[in-house]
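Engineer: Data: protein_1.pdb, PDB, C-alpha atoms.
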ATOM      1  CA  SER A   1      33.040  32.248  87.457
ATOM      2  CA  ARG A   2      34.595  35.200  85.779
ATOM      3  CA  SER A   3      33.403  38.734  85.240
ATOM      4  CA  PRO A   4      33.495  39.956  81.623
ATOM      5  CA  SER A   5      36.899  41.192  80.591
ATOM      6  CA  ALA A   6      35.770  43.485  77.809
ATOM      7  CA  ALA A   7      32.686  45.184  76.293
ATOM      8  CA  ARG A   8      30.326  48.096  75.790
ATOM      9  CA  ALA A   9      26.828  49.050  74.620
ATOM     10  CA  ARG A  10      23.385  48.993  76.079
ATOM     11  CA  CYS A  11      20.755  46.340  75.493
ATOM     12  CA  GLY A  12      19.123  47.022  72.147
ATOM     13  CA  SER A  13      21.579  49.706  71.042
ATOM     14  CA  ARG A  14      23.574  49.504  67.844
ATOM     15  CA  ILE A  15      27.348  49.501  67.682
ATOM     16  CA  ARG A  16      28.483  52.971  66.698
ATOM     17  CA  PRO A  17      31.148  53.588  64.055
ATOM     18  CA  ALA A  18      34.597  53.359  65.620
ATOM     19  CA  LEU A  19      36.660  56.428  66.376
ATOM     20  CA  PRO A  20      40.266  56.338  65.169
ATOM     21  CA  THR A  21      42.176  53.769  67.213
ATOM     22  CA  LEU A  22      44.453  56.284  68.940
ATOM     23  CA  VAL A  23      41.657  58.736  69.756
ATOM     24  CA  ARG A  24      39.538  56.277  71.776
ATOM     25  CA  PRO A  25      42.189  55.487  74.416
ATOM     26  CA  ALA A  26      43.058  59.164  74.700
ATOM     27  CA  LEU A  27      39.393  60.073  75.244
ATOM     28  CA  ALA A  28      38.940  57.306  77.792
ATOM     29  CA  LEU A  29      42.096  58.310  79.656
ATOM     30  CA  GLY A  30      40.887  61.915  79.616
ATOM     31  CA  VAL A  31      37.595  60.883  81.214
ATOM     32  CA  LEU A  32      39.468  58.943  83.890
ATOM     33  CA  ALA A  33      41.914  61.740  84.600
ATOM     34  CA  GLY A  34      39.206  64.388  84.897
ATOM     35  CA  THR A  35      39.749  67.984  83.953
ATOM     36  CA  ALA A  36      42.263  70.269  85.556
ATOM     37  CA  SER A  37      39.790  73.120  85.468
ATOM     38  CA  ALA A  38      37.217  71.345  87.645
ATOM     39  CA  GLN A  39      36.688  73.090  90.945
ATOM     40  CA  ALA A  40      37.069  71.208  94.206
ATOM     41  CA  PRO A  41      33.758  70.739  96.024
ATOM     42  CA  SER A  42      33.038  72.924  99.018
ATOM     43  CA  ARG A  43      33.607  71.272 102.399
ATOM     44  CA  ASP A  44      30.027  72.177 103.292
ATOM     45  CA  ALA A  45      28.536  70.791 100.080
ATOM     46  CA  ALA A  46      26.379  67.680 100.401
ATOM     47  CA  PRO A  47      27.475  64.735  98.278
ATOM     48  CA  LEU A  48      25.480  64.255  95.102
ATOM     49  CA  LEU A  49      23.200  61.257  95.361
ATOM     50  CA  THR A  50      22.867  59.396  92.101
ATOM     51  CA  PRO A  51      21.301  56.017  91.580
ATOM     52  CA  LYS A  52      23.730  53.122  91.199
ATOM     53  CA  PRO A  53      23.659  51.190  87.946
ATOM     54  CA  VAL A  54      21.382  48.154  87.876
ATOM     55  CA  PHE A  55      22.879  44.669  87.652
ATOM     56  CA  VAL A  56      21.014  41.353  87.777
ATOM     57  CA  PRO A  57      23.085  38.206  88.398
ATOM     58  CA  GLY A  58      22.591  35.292  86.047
ATOM     59  CA  LEU A  59      23.572  33.548  82.843
ATOM     60  CA  TYR A  60      24.566  35.985  80.099
ATOM     61  CA  GLU A  61      25.012  35.423  76.392
ATOM     62  CA  THR A  62      28.029  37.416  75.236
ATOM     63  CA  GLU A  63      29.530  38.498  71.950
ATOM     64  CA  SER A  64      32.984  40.070  71.715
ATOM     65  CA  ARG A  65      34.533  41.792  68.716
ATOM     66  CA  ASN A  66      38.089  43.054  68.331
ATOM     67  CA  SER A  67      38.545  46.158  66.172
ATOM     68  CA  ARG A  68      41.581  44.514  64.550
ATOM     69  CA  PHE A  69      39.497  41.450  63.512
ATOM     70  CA  ARG A  70      36.032  42.888  62.839
ATOM     71  CA  ASN A  71      34.557  39.832  61.104
ATOM     72  CA  GLN A  72      35.628  37.348  63.766
ATOM     73  CA  GLY A  73      33.266  37.796  66.700
ATOM     74  CA  VAL A  74      33.333  35.339  69.583
ATOM     75  CA  THR A  75      30.160  34.273  71.387
ATOM     76  CA  SER A  76      29.740  32.446  74.681
ATOM     77  CA  ARG A  77      27.500  31.978  77.685
ATOM     78  CA  THR A  78      28.930  33.156  80.990
ATOM     79  CA  CYS A  79      27.607  33.107  84.541
ATOM     80  CA  PHE A  80      27.889  36.482  86.282
ATOM     81  CA  PRO A  81      27.082  35.530  89.899
ATOM     82  CA  SER A  82      27.779  38.888  91.600
ATOM     83  CA  ALA A  83      24.930  39.833  93.944
ATOM     84  CA  ASP A  84      24.595  43.413  92.640
ATOM     85  CA  TYR A  85      26.452  46.225  90.876
ATOM     86  CA  GLU A  86      28.718  47.017  93.847
ATOM     87  CA  ALA A  87      29.714  43.353  94.203
ATOM     88  CA  PHE A  88      30.364  43.068  90.446
ATOM     89  CA  ARG A  89      32.645  46.124  90.547
ATOM     90  CA  ARG A  90      34.450  44.992  93.693
ATOM     91  CA  GLU A  91      34.950  41.409  92.419
ATOM     92  CA  THR A  92      36.168  42.568  88.986
ATOM     93  CA  LEU A  93      38.802  44.862  90.484
ATOM     94  CA  ALA A  94      39.832  42.209  93.022
ATOM     95  CA  GLN A  95      40.615  39.795  90.178
ATOM     96  CA  TYR A  96      43.290  42.220  88.967
ATOM     97  CA  GLU A  97      44.485  43.342  92.411
ATOM     98  CA  THR A  98      45.128  39.795  93.599
ATOM     99  CA  ASN A  99      46.489  38.140  90.441
ATOM    100  CA  PRO A 100      50.294  37.754  90.849
ATOM    101  CA  GLU A 101      50.855  37.338  87.089
ATOM    102  CA  PHE A 102      48.975  40.569  86.394
ATOM    103  CA  LEU A 103      50.789  42.441  89.171
ATOM    104  CA  GLU A 104      54.155  41.276  87.821
ATOM    105  CA  GLY A 105      53.684  43.172  84.551
ATOM    106  CA  CYS A 106      51.026  45.798  85.192
ATOM    107  CA  ARG A 107      50.003  48.546  87.579
ATOM    108  CA  LEU A 108      46.298  49.057  88.204
ATOM    109  CA  GLY A 109      45.028  52.619  88.244
ATOM    110  CA  ASP A 110      42.122  54.042  90.227
ATOM    111  CA  SER A 111      38.579  53.023  89.409
ATOM    112  CA  ARG A 112      36.165  55.794  88.434
ATOM    113  CA  GLU A 113      32.389  55.830  88.580
ATOM    114  CA  ILE A 114      30.521  56.836  85.424
ATOM    115  CA  PRO A 115      26.746  57.383  85.246
ATOM    116  CA  ASP A 116      25.949  53.824  84.124
ATOM    117  CA  GLY A 117      28.989  51.912  85.390
ATOM    118  CA  PHE A 118      32.697  52.217  86.085
ATOM    119  CA  ALA A 119      36.070  52.429  84.371
ATOM    120  CA  PHE A 120      39.675  51.808  85.305
ATOM    121  CA  ALA A 121      43.082  51.970  83.670
ATOM    122  CA  MET A 122      46.133  49.741  83.687
ATOM    123  CA  ASP A 123      49.704  50.590  82.835
ATOM    124  CA  CYS A 124      51.448  47.419  81.611
ATOM    125  CA  LYS A 125      54.822  46.674  80.078
ATOM    126  CA  GLY A 126      54.492  47.973  76.527
ATOM    127  CA  SER A 127      50.817  48.908  76.713
ATOM    128  CA  LYS A 128      48.203  51.045  78.373
ATOM    129  CA  VAL A 129      44.698  49.648  78.838
ATOM    130  CA  VAL A 130      41.387  51.294  79.772
ATOM    131  CA  LEU A 131      38.386  49.113  80.660
ATOM    132  CA  THR A 132      34.909  50.626  80.781
ATOM    133  CA  PHE A 133      31.818  48.743  81.996
ATOM    134  CA  HIS A 134      28.223  49.837  81.311
ATOM    135  CA  PHE A 135      25.158  48.307  82.994
ATOM    136  CA  GLY A 136      21.475  48.007  82.138
ATOM    137  CA  LYS A 137      18.768  45.931  83.825
ATOM    138  CA  ASP A 138      19.560  42.752  81.868
ATOM    139  CA  SER A 139      22.749  43.765  80.083
ATOM    140  CA  VAL A 140      26.423  44.357  80.770
ATOM    141  CA  SER A 141      28.754  45.742  78.174
ATOM    142  CA  SER A 142      32.359  46.726  78.288
ATOM    143  CA  THR A 143      35.067  48.147  76.127
ATOM    144  CA  THR A 144      38.748  47.381  76.478
ATOM    145  CA  HIS A 145      40.955  49.988  74.806
ATOM    146  CA  THR A 146      44.530  48.776  74.402
ATOM    147  CA  LEU A 147      47.270  51.160  73.287
ATOM    148  CA  ILE A 148      50.489  49.418  72.274
ATOM    149  CA  THR A 149      52.981  52.118  73.202
ATOM    150  CA  ASP A 150      55.820  51.096  70.843
ATOM    151  CA  ARG A 151      53.533  50.154  67.936
ATOM    152  CA  PRO A 152      50.348  52.256  68.137
ATOM    153  CA  GLU A 153      49.224  50.981  64.739
ATOM    154  CA  TYR A 154      48.585  47.607  66.453
ATOM    155  CA  SER A 155      46.420  49.136  69.166
ATOM    156  CA  SER A 156      42.864  47.856  69.368
ATOM    157  CA  GLU A 157      39.508  47.946  71.093
ATOM    158  CA  ILE A 158      37.468  44.953  72.210
ATOM    159  CA  LEU A 159      33.729  45.438  72.566
ATOM    160  CA  THR A 160      31.745  42.835  74.514
ATOM    161  CA  LEU A 161      27.963  42.889  74.721
ATOM    162  CA  SER A 162      26.307  40.644  77.301
ATOM    163  CA  ARG A 163      22.572  40.017  77.561
ATOM    164  CA  ARG A 164      20.981  38.090  80.444
ATOM    165  CA  VAL A 165      19.309  34.903  79.223
ATOM    166  CA  GLY A 166      18.477  33.142  82.485
ATOM    167  CA  ASP A 167      19.787  31.982  85.816
ATOM    168  CA  CYS A 168      23.198  30.422  86.471
ATOM    169  CA  PRO A 169      23.152  26.666  87.165
ATOM    170  CA  GLY A 170      22.161  26.254  90.802
ATOM    171  CA  GLN A 171      21.040  29.890  91.137
ATOM    172  CA  ALA A 172      17.687  30.410  92.863
ATOM    173  CA  PRO A 173      15.262  32.156  90.486
TER     174      PRO A 173
END
Rewrite the coordinates I just gave you, this time as structure tokens.

Structural biologist:
Amino acid sequence: SRSPSAARARCGSRIRPALPTLVRPALALGVLAGTASAQAPSRDAAPLLTPKPVFVPGLYETESRNSRFRNQGVTSRTCFPSADYEAFRRETLAQYETNPEFLEGCRLGDSREIPDGFAFAMDCKGSKVVLTFHFGKDSVSSTTHTLITDRPEYSSEILTLSRRVGDCPGQAP
């Protein structure tokens, strides 16, 4: 079973008009990098406790759209068996960290928490990629921003929306 490789949006929300192709990756990279003006937390400060995003394992109906091919969406049904949000995040990153073909051409950046999910960046031969995952009770969405460094006009974004439709085969209800 595979985790989704691309997407974004919350259950019931509409797809927003796209930002210019080169602006989206820059904004996403800026979020991942943080701001230089942010102050370091005090050593005595208590960590902020925020609720983790909600994830429910099961069978999800997905639709993916590539910004370069807007009228050619792809739909599928995929089992997301991860026990919870933390397992989903850990398993998704492990797929990249342990794949020899990926490691041969790409370098995985740090993962960052966002209020409703997580994001991470990859530096690959000829491209830079930022993946962002968002979670709702019965939805997972992600966006994959790909910047083709030598040919930015061919850069794209893939949006995948996934809605839970039931249990995976063999999964206890």

Engineer: Let me know the residues the PyMOL selection byres ((chain A and resi 90-104) around 12) catches in the file above, as an MDAnalysis selection string.

Structural biologist: chainID A and resid 1:6 80:89 105:112 118:125 131:133

Engineer: Report as a list of chain:residue names all protein, DNA and RNA residues lying within 7 Å of Ser76 (chain A), evaluated on all atoms listed in the file, omitting residues in the same chain fewer than 4 positions from it.

Structural biologist: A:Glu61, A:Thr62, A:Glu63

Engineer: Would you mind telling me which residue in A:Gly136, A:Pro51, A:Pro169, A:Gly73 lies nearest to Glu113 (chain A) when using only C-alpha atoms?

Structural biologist: A:Pro51

Engineer: Return the single residue from A:Gln72, A:Thr78, A:Ser127, A:Ser64 that is closest to Thr160 (chain A), with distances computed using all atoms listed in the file.

Structural biologist: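 The closest residue to Thr160 (chain A) is A:Ser64.
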
Engineer: Determine the axis-aligned bounding box of all atoms of region 67-83 of chain A present in the file, pad each side by 4 Å, and express its centre and edge lengths in Å to one decimal place as lines of an AutoDock Vina configuration file.

Structural biologist:
center_x = 33.3
center_y = 39.1
center_z = 77.5
size_x = 24.7
size_y = 22.2
size_z = 40.8

Engineer: To one decimal place in Å, what is the distance between CA of Val129 (chain A) and CA of Pro152 (chain A)?

Structural biologist: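 Interatomic distance, CA of Val129 (chain A) to CA of Pro152 (chain A): 12.4 Å.
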
Engineer: Measuring between only C-alpha atoms, which one of A:Ser155, A:Asn71, A:Thr50, A:Ser162 shows the shortest distance to Val140 (chain A)?

Structural biologist: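 Between A:Ser155, A:Asn71, A:Thr50, A:Ser162, the residue approaching Val140 (chain A) most closely is A:Ser162.
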
Engineer: Using only C-alpha atoms, collect all residues at a distance of at most 6 Å from (40.9, 47.3, 66.3) as written in the file, then present them as a CSV table (one decimal) with C-alpha atoms, in the frame of the given file.

Structural biologist:
chain,number,residue,atom,x,y,z
A,66,ASN,CA,38.1,43.1,68.3
A,67,SER,CA,38.5,46.2,66.2
A,68,ARG,CA,41.6,44.5,64.6
A,156,SER,CA,42.9,47.9,69.4
A,157,GLU,CA,39.5,47.9,71.1

Engineer: Using only C-alpha atoms, can you list as a PyMOL selection string the residues within 12 Å of (19.5, 43.0, 82.9)?

Structural biologist: chain A and resi 10-12+53-61+80+84-85+134-141+161-167

Engineer: Mind giving me the straight-line distance from CA of Ile148 (chain A) to CA of Val74 (chain A) in Å, one decimal?

Structural biologist: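 A separation of 22.4 Å between them.
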
Engineer: Using all atoms listed in the file for the distances, tell me which of A:Cys79, A:Phe69, A:Cys168, A:Val130 is nearest to Tyr154 (chain A).

Structural biologist: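 With all atoms listed in the file as the atom set, the closest residue is A:Phe69.
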
Engineer: Any idea what the distance is between CA of Leu159 (chain A) and CA of Ile114 (chain A)?

Structural biologist: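 The value is 17.5 Å.
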